[in-house]
Structure formats: structure tokens, C-alpha cells
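Listing of target04.tsv; format and content: TSV, C-alpha atoms.
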```
chain	number	residue	atom	x	y	z
A	99	MET	CA	19.78	-11.18	1.91
A	100	GLU	CA	19.28	-10.26	-1.73
A	101	LEU	CA	18.18	-6.70	-2.46
A	102	PHE	CA	15.00	-6.66	-4.56
A	103	PRO	CA	14.81	-10.42	-5.22
A	104	PRO	CA	12.97	-11.45	-8.42
A	105	ILE	CA	9.21	-11.64	-8.01
A	106	PRO	CA	7.62	-12.15	-11.46
A	107	LEU	CA	3.84	-12.08	-11.26
A	108	ALA	CA	3.46	-15.28	-13.29
A	109	GLU	CA	5.29	-17.31	-10.62
A	110	TRP	CA	2.95	-16.45	-7.78
A	111	ARG	CA	-0.25	-15.15	-9.37
A	112	ASP	CA	-2.52	-17.74	-7.70
A	113	CYS	CA	-0.84	-17.21	-4.34
A	114	LYS	CA	-1.10	-13.43	-4.72
A	115	GLU	CA	-4.82	-13.63	-5.51
A	116	THR	CA	-5.39	-15.68	-2.36
A	117	LEU	CA	-3.24	-13.44	-0.15
A	118	HIS	CA	-4.88	-10.31	-1.58
A	119	ARG	CA	-8.29	-11.56	-0.45
A	120	PHE	CA	-6.96	-12.55	2.99
A	121	ALA	CA	-5.69	-8.97	3.29
A	122	GLN	CA	-9.05	-7.57	2.23
A	123	VAL	CA	-10.87	-9.55	4.93
A	124	VAL	CA	-8.65	-8.06	7.63
A	125	GLY	CA	-8.56	-4.67	5.91
A	126	LYS	CA	-12.33	-4.44	5.99
A	127	ILE	CA	-12.25	-5.25	9.71
A	128	ARG	CA	-9.79	-2.39	10.13
A	129	LEU	CA	-12.07	-0.11	8.10
A	130	ALA	CA	-15.03	-0.96	10.35
A	131	ALA	CA	-13.17	-0.77	13.67
A	132	SER	CA	-10.88	2.27	13.30
A	133	VAL	CA	-11.41	6.01	13.61
A	134	ARG	CA	-11.60	7.56	10.17
A	135	ARG	CA	-8.62	9.65	9.03
A	136	ASN	CA	-8.21	12.02	6.10
A	137	HIS	CA	-7.49	10.35	2.74
A	138	TRP	CA	-8.36	6.96	4.31
A	139	TRP	CA	-5.05	6.86	6.19
A	140	ASN	CA	-6.67	4.81	8.95
A	141	VAL	CA	-7.28	1.88	6.60
A	142	PRO	CA	-3.93	0.57	5.20
A	143	PHE	CA	-1.53	-1.90	6.78
A	144	HIS	CA	1.87	-0.95	8.17
A	145	LEU	CA	5.03	-3.07	8.03
A	146	THR	CA	6.41	-4.97	11.02
A	147	GLY	CA	9.53	-7.04	11.61
A	148	ARG	CA	7.61	-10.20	10.73
A	149	GLY	CA	4.81	-9.09	8.40
A	150	ILE	CA	2.09	-6.46	8.36
A	151	THR	CA	-0.22	-5.07	11.02
A	152	THR	CA	-3.54	-3.30	11.34
A	153	ARG	CA	-2.20	-1.38	14.37
A	154	PRO	CA	-4.44	-1.19	17.47
A	155	MET	CA	-8.11	-0.49	16.78
A	156	GLY	CA	-11.46	-0.45	18.52
A	157	ARG	CA	-12.51	1.76	21.44
A	158	ALA	CA	-10.05	2.54	24.24
A	159	GLU	CA	-12.62	1.51	26.86
A	160	ASP	CA	-13.49	-1.76	25.10
A	161	ASN	CA	-10.20	-3.71	25.14
A	162	PRO	CA	-8.59	-2.58	21.83
A	163	PHE	CA	-7.24	-5.27	19.54
A	164	THR	CA	-4.67	-5.72	16.77
A	165	ILE	CA	-4.47	-8.18	13.88
A	166	ASP	CA	-1.05	-9.11	12.51
A	167	PHE	CA	-0.01	-11.21	9.55
A	168	ASP	CA	3.17	-13.07	10.50
A	169	PHE	CA	4.86	-13.89	7.19
A	170	VAL	CA	7.84	-15.55	8.91
A	171	GLY	CA	5.85	-18.05	10.98
A	172	HIS	CA	2.88	-17.84	8.55
A	173	GLN	CA	0.24	-17.23	11.15
A	174	LEU	CA	-2.56	-14.74	11.62
A	175	VAL	CA	-2.25	-13.33	15.14
A	176	ALA	CA	-5.07	-11.45	16.88
A	177	THR	CA	-4.16	-9.77	20.17
A	178	SER	CA	-6.15	-7.70	22.64
A	179	LEU	CA	-4.88	-5.08	25.06
A	180	ASP	CA	-5.52	-7.36	28.04
A	181	GLY	CA	-2.86	-9.74	26.70
A	182	THR	CA	-5.11	-12.39	25.17
A	183	GLU	CA	-3.68	-13.77	21.92
A	184	VAL	CA	-5.22	-16.10	19.35
A	185	SER	CA	-3.45	-17.35	16.22
A	186	PHE	CA	-3.98	-19.81	13.41
A	187	PRO	CA	-1.90	-21.00	10.42
A	188	LEU	CA	-2.34	-19.32	7.05
A	189	SER	CA	-1.29	-22.25	4.88
A	190	GLY	CA	-3.88	-24.66	3.49
A	191	ARG	CA	-6.81	-22.27	3.80
A	192	SER	CA	-9.34	-21.00	1.32
A	193	VAL	CA	-10.64	-17.45	1.63
A	194	ALA	CA	-13.83	-18.84	3.15
A	195	SER	CA	-11.84	-20.78	5.76
A	196	PHE	CA	-9.68	-17.76	6.51
A	197	HIS	CA	-12.73	-15.51	6.90
A	198	ARG	CA	-14.35	-17.90	9.38
A	199	ALA	CA	-11.14	-18.47	11.36
A	200	THR	CA	-10.53	-14.72	11.64
A	201	LEU	CA	-14.02	-14.03	12.99
A	202	ASP	CA	-13.68	-16.97	15.40
A	203	ALA	CA	-10.34	-15.60	16.65
A	204	LEU	CA	-11.91	-12.20	17.30
A	205	ALA	CA	-14.79	-13.87	19.15
A	206	VAL	CA	-12.28	-15.46	21.54
A	207	LEU	CA	-11.00	-11.93	22.25
A	208	GLY	CA	-14.55	-10.79	22.90
A	209	VAL	CA	-14.52	-8.65	19.75
A	210	ARG	CA	-17.44	-8.44	17.36
A	211	VAL	CA	-16.98	-6.48	14.13
A	212	ASP	CA	-19.69	-6.24	11.51
A	213	ILE	CA	-18.18	-5.88	8.04
A	214	PRO	CA	-20.75	-3.81	6.11
A	215	VAL	CA	-19.85	-5.30	2.72
A	216	PRO	CA	-18.14	-8.70	3.29
A	217	HIS	CA	-17.09	-9.06	-0.34
A	218	PRO	CA	-13.83	-8.29	-2.19
A	219	PHE	CA	-13.38	-4.67	-3.23
A	220	ASP	CA	-12.64	-3.89	-6.89
A	221	LEU	CA	-11.72	-7.48	-7.76
A	222	PRO	CA	-13.29	-9.69	-10.46
A	223	ASP	CA	-15.27	-11.70	-7.88
A	224	ALA	CA	-16.58	-8.65	-6.01
A	225	ALA	CA	-20.11	-10.11	-6.00
A	226	ARG	CA	-19.07	-13.26	-4.09
A	227	PRO	CA	-19.01	-13.13	-0.27
A	228	PHE	CA	-15.71	-14.01	1.41
A	229	SER	CA	-17.60	-16.76	3.24
A	230	GLU	CA	-18.32	-18.54	-0.07
A	231	ASP	CA	-14.90	-18.30	-1.72
A	232	THR	CA	-13.40	-21.77	-1.73
A	233	GLU	CA	-11.70	-21.12	-5.09
A	234	HIS	CA	-8.77	-19.07	-3.80
A	235	ALA	CA	-6.67	-21.37	-1.57
A	236	ALA	CA	-3.12	-21.11	-2.91
A	237	TYR	CA	-1.11	-19.74	0.03
A	238	ASP	CA	2.58	-20.58	-0.54
A	239	PRO	CA	4.87	-19.72	2.43
A	240	VAL	CA	8.00	-19.26	0.30
A	241	GLN	CA	6.31	-16.90	-2.13
A	242	VAL	CA	4.55	-14.95	0.62
A	243	ASN	CA	7.78	-14.48	2.54
A	244	ARG	CA	9.43	-13.18	-0.62
A	245	TYR	CA	6.54	-10.72	-1.13
A	246	TRP	CA	7.02	-9.44	2.44
A	247	ARG	CA	10.80	-9.06	2.00
A	248	VAL	CA	10.30	-7.03	-1.19
A	249	LEU	CA	7.60	-4.98	0.53
A	250	SER	CA	9.94	-4.28	3.45
A	251	GLN	CA	12.84	-3.21	1.23
A	252	VAL	CA	10.63	-0.92	-0.85
A	253	ALA	CA	9.17	0.57	2.35
A	254	LEU	CA	12.65	1.61	3.49
A	255	VAL	CA	13.35	3.29	0.14
A	256	LEU	CA	10.04	5.16	0.38
A	257	GLU	CA	10.86	6.21	3.96
A	258	GLU	CA	14.18	7.63	2.77
A	259	PHE	CA	12.46	9.49	-0.04
A	260	ALA	CA	9.77	10.81	2.34
A	261	ALA	CA	12.47	12.37	4.53
A	262	GLY	CA	13.19	15.01	1.88
A	263	PHE	CA	9.77	16.71	2.10
A	264	SER	CA	8.55	19.03	4.89
A	265	GLY	CA	4.94	19.49	3.74
A	266	LYS	CA	1.94	17.31	4.45
A	267	GLY	CA	2.81	13.74	3.61
A	268	SER	CA	1.20	10.38	4.21
A	269	PRO	CA	2.75	7.50	6.12
A	270	VAL	CA	4.38	4.78	4.04
A	271	HIS	CA	1.56	2.25	4.03
A	272	HIS	CA	0.31	-0.88	2.29
A	273	PHE	CA	-3.14	-0.60	0.72
A	274	TRP	CA	-5.15	-3.80	0.82
A	275	HIS	CA	-7.62	-2.78	-1.89
A	276	THR	CA	-4.99	-2.29	-4.63
A	277	PHE	CA	-2.23	-4.35	-2.95
A	278	ASP	CA	0.43	-1.67	-3.42
A	279	ILE	CA	2.67	0.23	-1.03
A	280	ALA	CA	2.64	4.01	-1.31
A	281	TYR	CA	3.63	7.39	0.08
A	282	SER	CA	2.01	10.69	-0.97
A	283	ARG	CA	2.95	14.38	-0.87
A	284	PHE	CA	0.40	17.19	-0.77
A	285	SER	CA	0.65	20.84	-1.81
A	286	GLY	CA	-2.22	21.96	0.44
A	287	GLN	CA	-4.38	22.96	-2.52
A	288	HIS	CA	-8.02	21.80	-2.32
A	289	VAL	CA	-9.42	20.00	-5.39
A	290	GLU	CA	-13.16	19.98	-6.02
A	291	GLN	CA	-14.21	16.53	-7.23
A	292	PRO	CA	-17.02	16.04	-9.78
A	293	ALA	CA	-20.43	15.19	-8.36
A	294	GLU	CA	-20.30	11.68	-9.86
A	295	ALA	CA	-17.03	10.75	-8.11
A	296	ASP	CA	-17.36	7.79	-5.75
A	297	PRO	CA	-16.71	8.25	-2.00
A	298	VAL	CA	-13.31	6.53	-2.09
A	299	THR	CA	-12.07	8.80	-4.87
A	300	ARG	CA	-13.56	11.95	-3.35
A	301	GLU	CA	-11.67	11.50	-0.10
A	302	ALA	CA	-8.43	10.17	-1.60
A	303	TYR	CA	-8.09	13.07	-4.05
A	304	SER	CA	-9.70	15.95	-2.15
A	305	HIS	CA	-6.35	17.78	-2.25
A	306	GLU	CA	-3.62	18.12	-4.86
A	307	VAL	CA	-1.30	15.14	-4.49
A	308	ILE	CA	1.75	13.43	-5.96
A	309	SER	CA	1.93	9.76	-5.02
A	310	PHE	CA	4.81	7.33	-5.19
A	311	GLY	CA	4.69	3.62	-4.76
A	312	PHE	CA	5.22	0.06	-5.89
A	313	TRP	CA	2.82	-2.66	-6.96
A	314	PHE	CA	3.29	-6.36	-7.66
A	315	GLY	CA	1.44	-6.40	-10.98
A	316	ASP	CA	-2.10	-7.21	-12.05
A	317	ASP	CA	-4.03	-8.12	-15.20
A	318	THR	CA	-3.72	-4.58	-16.61
A	319	PHE	CA	0.04	-4.30	-15.92
A	320	PRO	CA	1.32	-7.85	-15.43
A	321	GLU	CA	4.69	-7.17	-13.80
A	322	PRO	CA	6.01	-5.51	-10.66
A	323	ALA	CA	6.92	-1.82	-10.98
A	324	PHE	CA	7.66	1.39	-9.16
A	325	TYR	CA	5.27	4.21	-10.05
A	326	SER	CA	4.27	7.82	-9.48
A	327	TYR	CA	1.34	9.99	-10.53
A	328	THR	CA	0.16	13.56	-10.02
A	329	ALA	CA	-3.53	14.27	-9.36
A	330	PRO	CA	-5.01	16.27	-10.84
A	331	GLU	CA	-2.58	15.85	-13.70
A	332	PRO	CA	-1.18	19.18	-14.91
A	333	PRO	CA	-0.88	19.84	-18.65
A	334	GLY	CA	2.33	18.63	-20.24
A	335	LEU	CA	3.30	16.26	-17.42
A	336	ALA	CA	4.22	13.39	-19.73
A	337	GLU	CA	6.64	15.68	-21.60
A	338	GLU	CA	8.90	15.91	-18.55
A	339	PRO	CA	12.06	13.76	-18.39
A	340	LEU	CA	12.35	10.80	-16.04
A	341	VAL	CA	15.41	9.00	-14.71
A	342	PRO	CA	16.87	6.45	-15.04
A	343	GLY	CA	16.66	6.11	-18.82
A	344	SER	CA	14.52	2.98	-18.60
A	345	ALA	CA	11.69	4.86	-16.80
A	346	ARG	CA	8.77	6.00	-18.93
A	347	TRP	CA	5.36	7.62	-18.90
A	348	VAL	CA	2.46	5.19	-19.40
A	349	ALA	CA	-1.04	6.30	-20.39
A	350	ARG	CA	-3.59	4.87	-17.94
A	351	SER	CA	-7.27	5.72	-17.41
A	352	GLY	CA	-7.05	9.08	-19.13
A	353	SER	CA	-3.90	10.24	-17.32
A	354	HIS	CA	-0.24	9.21	-17.07
A	355	LEU	CA	1.83	7.12	-14.69
A	356	ALA	CA	5.56	7.44	-14.34
A	357	VAL	CA	6.75	3.82	-14.34
A	358	LEU	CA	10.07	2.14	-13.58
A	359	ARG	CA	9.87	-1.60	-14.07
A	360	TYR	CA	11.09	-3.59	-11.08
A	361	ASP	CA	13.45	-5.65	-13.22
A	362	ASP	CA	14.93	-2.48	-14.76
A	363	ALA	CA	15.61	-1.11	-11.29
A	364	ARG	CA	17.20	-4.44	-10.28
A	365	ALA	CA	19.52	-4.20	-13.29
A	366	GLU	CA	20.93	-0.84	-12.18
A	367	ALA	CA	24.36	-0.73	-10.51
A	368	ASP	CA	22.72	0.80	-7.42
A	369	PRO	CA	19.02	-0.17	-7.44
A	370	CYS	CA	18.06	1.88	-4.38
A	371	ALA	CA	19.70	5.01	-5.77
A	372	ALA	CA	17.96	4.43	-9.10
A	373	VAL	CA	14.53	4.18	-7.43
A	374	LEU	CA	15.17	7.31	-5.35
A	375	ALA	CA	16.23	9.19	-8.48
A	376	PHE	CA	13.11	7.95	-10.28
A	377	TYR	CA	10.81	9.16	-7.52
A	378	ASP	CA	12.60	12.51	-7.39
A	379	SER	CA	12.34	13.02	-11.15
A	380	ALA	CA	8.61	12.17	-11.07
A	381	TYR	CA	8.10	14.55	-8.15
A	382	ARG	CA	9.90	17.41	-9.87
A	383	ALA	CA	7.92	16.76	-13.05
A	384	GLY	CA	4.57	16.94	-11.27
A	385	ALA	CA	5.46	19.67	-8.77
A	386	GLY	CA	7.06	21.83	-11.44
A	387	ARG	CA	4.12	21.56	-13.83
A	388	ALA	CA	1.63	22.17	-10.99
A	389	ASP	CA	3.61	25.15	-9.65
A	390	TRP	CA	4.38	23.79	-6.19
A	391	ASP	CA	6.87	25.59	-3.95
A	392	VAL	CA	9.53	22.92	-4.44
A	393	ALA	CA	12.31	24.80	-2.64
A	394	GLY	CA	10.07	25.82	0.27
A	395	LEU	CA	8.81	22.26	0.79
A	396	ALA	CA	12.26	20.70	0.62
A	397	CYS	CA	13.69	19.06	3.73
A	398	PRO	CA	17.32	18.09	2.97
A	399	GLY	CA	18.51	15.24	5.13
A	400	GLY	CA	15.18	15.14	6.95
A	401	ILE	CA	15.92	18.42	8.77
A	402	THR	CA	13.64	21.47	8.67
A	403	ASP	CA	15.68	23.68	11.02
A	404	GLN	CA	18.31	25.29	8.82
A	405	HIS	CA	20.45	26.04	11.88
A	406	LEU	CA	20.71	22.30	12.51
A	407	ALA	CA	21.18	21.60	8.81
A	408	ALA	CA	24.11	24.03	8.50
A	409	PRO	CA	27.57	22.52	8.94
A	410	PRO	CA	29.32	23.55	12.18
A	411	ALA	CA	31.58	26.59	11.93
```
In C-alpha cells, what does this structure look like?
Amino acid sequence: MELFPPIPLAEWRDCKETLHRFAQVVGKIRLAASVRRNHWWNVPFHLTGRGITTRPMGRAEDNPFTIDFDFVGHQLVATSLDGTEVSFPLSGRSVASFHRATLDALAVLGVRVDIPVPHPFDLPDAARPFSEDTEHAAYDPVQVNRYWRVLSQVALVLEEFAAGFSGKGSPVHHFWHTFDIAYSRFSGQHVEQPAEADPVTREAYSHEVISFGFWFGDDTFPEPAFYSYTAPEPPGLAEEPLVPGSARWVARSGSHLAVLRYDDARAEADPCAAVLAFYDSAYRAGAGRADWDVAGLACPGGITDQHLAAPPA
């Protein structure tokens, strides 16, 4: 199994656009059927041994259900707590076909979910209902399986990085709106958002945060990359050093992203170590400039009890 296999955006752009919209259909079901959590943590997907999952949702007294993407068998699988399971193949479907099949599968489970806005979120065709999208129908099993393998490998690196922090931190989770995988650290400091901020932004950035993640590329940055940002951005952030040497600060939407290109990480002698070092350098840049208690929030080896962390006498 190759570590960080090549996944250039140009090779699977059409497939990615189709899969992204499939994920948004199910993600919006999750949004409608789950209990709201701070910073929208109820909404993203989590990784499984065969794909990604919504986790159980619905009301405990109403036969909770789960929707899983199986990227090994290339099926969508909907399961209810009473053991009923419905699945259908992902290949050969348009977004419209996928949307209908998903709702039909839920109906078999006795589940009805009303999606308030059944359109893509923050995509070029946001005005077109999922039910009318016959344009995006490019699901390729080989490319999708590769996406899931990369996602799984990156998730493990992020889990290892997350172990070194004892403060409030998010799960490692896969966001369906931006199609990235991310983990965030918080200082505990409240941030007042401007009155014109949209509801998604207000909740996501209600507290000082440093986020770390990976995306597969889009029209604004057309290649896969590891990234980090600090919000709100402290003065002088982009003057801080990053490692490895190929990492750089990129101006984006009035702030800066720390970016390590996926192919540059792959070229390192130890790619996982290079990504961990990149995330750590971006964290120290943001936390140092924002005056976080870096030493107090440290959790070496994933252990907070210093008695346990100390070597035996």
C-alpha cells in the first residue's frame, strides 16, 4: 500500500465534482437530522474502514439511522437501529439519480428527512436543485477508492498530531461543504464576529482557533495540499518560519494560509514526519503570535498526567 499515492486534481476533477455533490446530499441530511454541536461538529463525516459515515442520527425513540459511503464496494448503505439495511451502487449515477435513490432508501427505513435547502452549498451550481442535476455523473471507482485511501492516511497523521494538545480540540473530520479533512485547536478565547458575518462563519469562528487540514484542490488552488490557518490572524503571522523548506505562506481572502503541497510532502524522505513538522511549525507560528499558553496546552505523547509521562525510576 503506497503512502500518499499521487492524486493530481486534473486526473479526477469530473469524478471529484460528482462525488462532492453526492457527499453534500448526505451531508445535508446529516445537518437536518442531527443534534447541533458547537462549531458545526455534528455535521462532518468521519472515516471508517471502508469509507465515510454520518454516524447515527435521528431521535433515540424513532429508530435512529446511519448513512455510510462504502468506497471499497462502491455502495451507499443506509442502516437503521432495528437492523434494516438498504444499499445501492454509486457507479453510473448522476447527482439527480443519487438524490432520488438516497431518499428512496431512507423511505424503506421509515425515515423522512426534509432538507431545507436541497441545493449544493458554495459550489458554482448552487442555484440548481440536486434533483435536477444530470450533468455530474462521473463516478469512477478507482479514483474514488484512491481518494478514500489518501483521506484515511491523512486522517491518521492528523490524529497523531492531535495527540500533542490537551486543550479544546475538534475531532478529525471530513467536511462535505469544502471537501477537506481537518482538525482544529482552540485557545478558549471568545471572538466577537462582525454583524454582517453569515451564520456558518459566526459559529465556526466564535472562538480563537488554529486549524490544520488537507484538501484535494479546487479552481482557486488546483492541486492537493496540506494547510493551516489561524483565526483571527495575529499580526506578523506570515513572517514566521515554516518547515519543511518547501512550505510557504499563501495570501488568501485577506489572510494567510500555511501551505505544504502534497507532492512536496511526498518527495520528502519521511512524508509523515514532514507533514507533522509542518503542522507543528504552523501551530507554533500562530500560537506564538497570538500569545497562547503553548507549554501549558502541550500533551507530549498524548498524556496529560505528568506522573504517567515521567519515565519509571
With 8 Å as the threshold, what does the neighbourhood of (6.4, 17.7, 0.9) contain in terms of residues, counting only C-alpha atoms? Coordinates are those of the file; answer as number ranges by chain. A: 260, 262-267, 283-285, 395-397
Shell of 12 Å around Pro103 of chain A, all atoms listed in the file, local chain residues under 3 positions omitted, as a PyMOL selection string: chain A and resi 99-100+106+241+243-252+322+360-361+363-365+369
Can you write out the residues you just picked, keeping C-alpha atoms, as a PDB file, in the coordinates of the input?
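Contents of the output file selection.pdb:
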```pdb
ATOM      1  CA  MET A  99      19.780 -11.180   1.910  1.00  0.00           C
ATOM      2  CA  GLU A 100      19.280 -10.260  -1.730  1.00  0.00           C
ATOM      3  CA  PRO A 106       7.620 -12.150 -11.460  1.00  0.00           C
ATOM      4  CA  GLN A 241       6.310 -16.900  -2.130  1.00  0.00           C
ATOM      5  CA  ASN A 243       7.780 -14.480   2.540  1.00  0.00           C
ATOM      6  CA  ARG A 244       9.430 -13.180  -0.620  1.00  0.00           C
ATOM      7  CA  TYR A 245       6.540 -10.720  -1.130  1.00  0.00           C
ATOM      8  CA  TRP A 246       7.020  -9.440   2.440  1.00  0.00           C
ATOM      9  CA  ARG A 247      10.800  -9.060   2.000  1.00  0.00           C
ATOM     10  CA  VAL A 248      10.300  -7.030  -1.190  1.00  0.00           C
ATOM     11  CA  LEU A 249       7.600  -4.980   0.530  1.00  0.00           C
ATOM     12  CA  SER A 250       9.940  -4.280   3.450  1.00  0.00           C
ATOM     13  CA  GLN A 251      12.840  -3.210   1.230  1.00  0.00           C
ATOM     14  CA  VAL A 252      10.630  -0.920  -0.850  1.00  0.00           C
ATOM     15  CA  PRO A 322       6.010  -5.510 -10.660  1.00  0.00           C
ATOM     16  CA  TYR A 360      11.090  -3.590 -11.080  1.00  0.00           C
ATOM     17  CA  ASP A 361      13.450  -5.650 -13.220  1.00  0.00           C
ATOM     18  CA  ALA A 363      15.610  -1.110 -11.290  1.00  0.00           C
ATOM     19  CA  ARG A 364      17.200  -4.440 -10.280  1.00  0.00           C
ATOM     20  CA  ALA A 365      19.520  -4.200 -13.290  1.00  0.00           C
ATOM     21  CA  PRO A 369      19.020  -0.170  -7.440  1.00  0.00           C
TER      22      PRO A 369
END
```
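Computed from the coordinates, the atom CA of Gly156 of chain A to atom CA of Pro214 of chain A distance equals 15.9 Å.
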inquiry  = Taking 5 positions as the minimum chain separation for residues in the same chain, which residues sit within 8 Å of segment 305-318 of chain A when counting all atoms listed in the file? Answer as JSON, numbers by chain.
reply    = {"A": [105, 107, 252, 256, 277, 278, 279, 280, 281, 282, 283, 284, 285, 286, 287, 288, 289, 323, 324, 325, 326, 327, 328, 329, 330, 377, 381, 384, 385]}
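Of the listed residues A:Ser351, A:Ser379, A:Thr276, A:Thr151, the one whose atoms come nearest to Pro339 of chain A is A:Ser379, with distances taken using all atoms listed in the file.
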(Q) Ranking A:Ala235, A:Ala253, A:Ala383, A:Ile401 by minimum distance to His118 of chain A and counting only C-alpha atoms, which one comes first? (A)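 The shortest atom-to-atom distance to His118 of chain A comes from A:Ala235.
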Practice prompt. Give me, please, the distance in Å between atom CA of Val215 of chain A and atom CA of Ser229 of chain A, quoted to one decimal.
Written response: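 One can read the atom CA of Val215 of chain A to atom CA of Ser229 of chain A distance as 11.7 Å.
Neighbours of Val124 of chain A closer than or equal to 9 Å, with all atoms listed in the file counted and sequence neighbours fewer than 4 positions away skipped, come out as Arg119, Phe120, Arg128, Leu129, Thr152, Ile165, His197, Thr200 and Trp274 of chain A.
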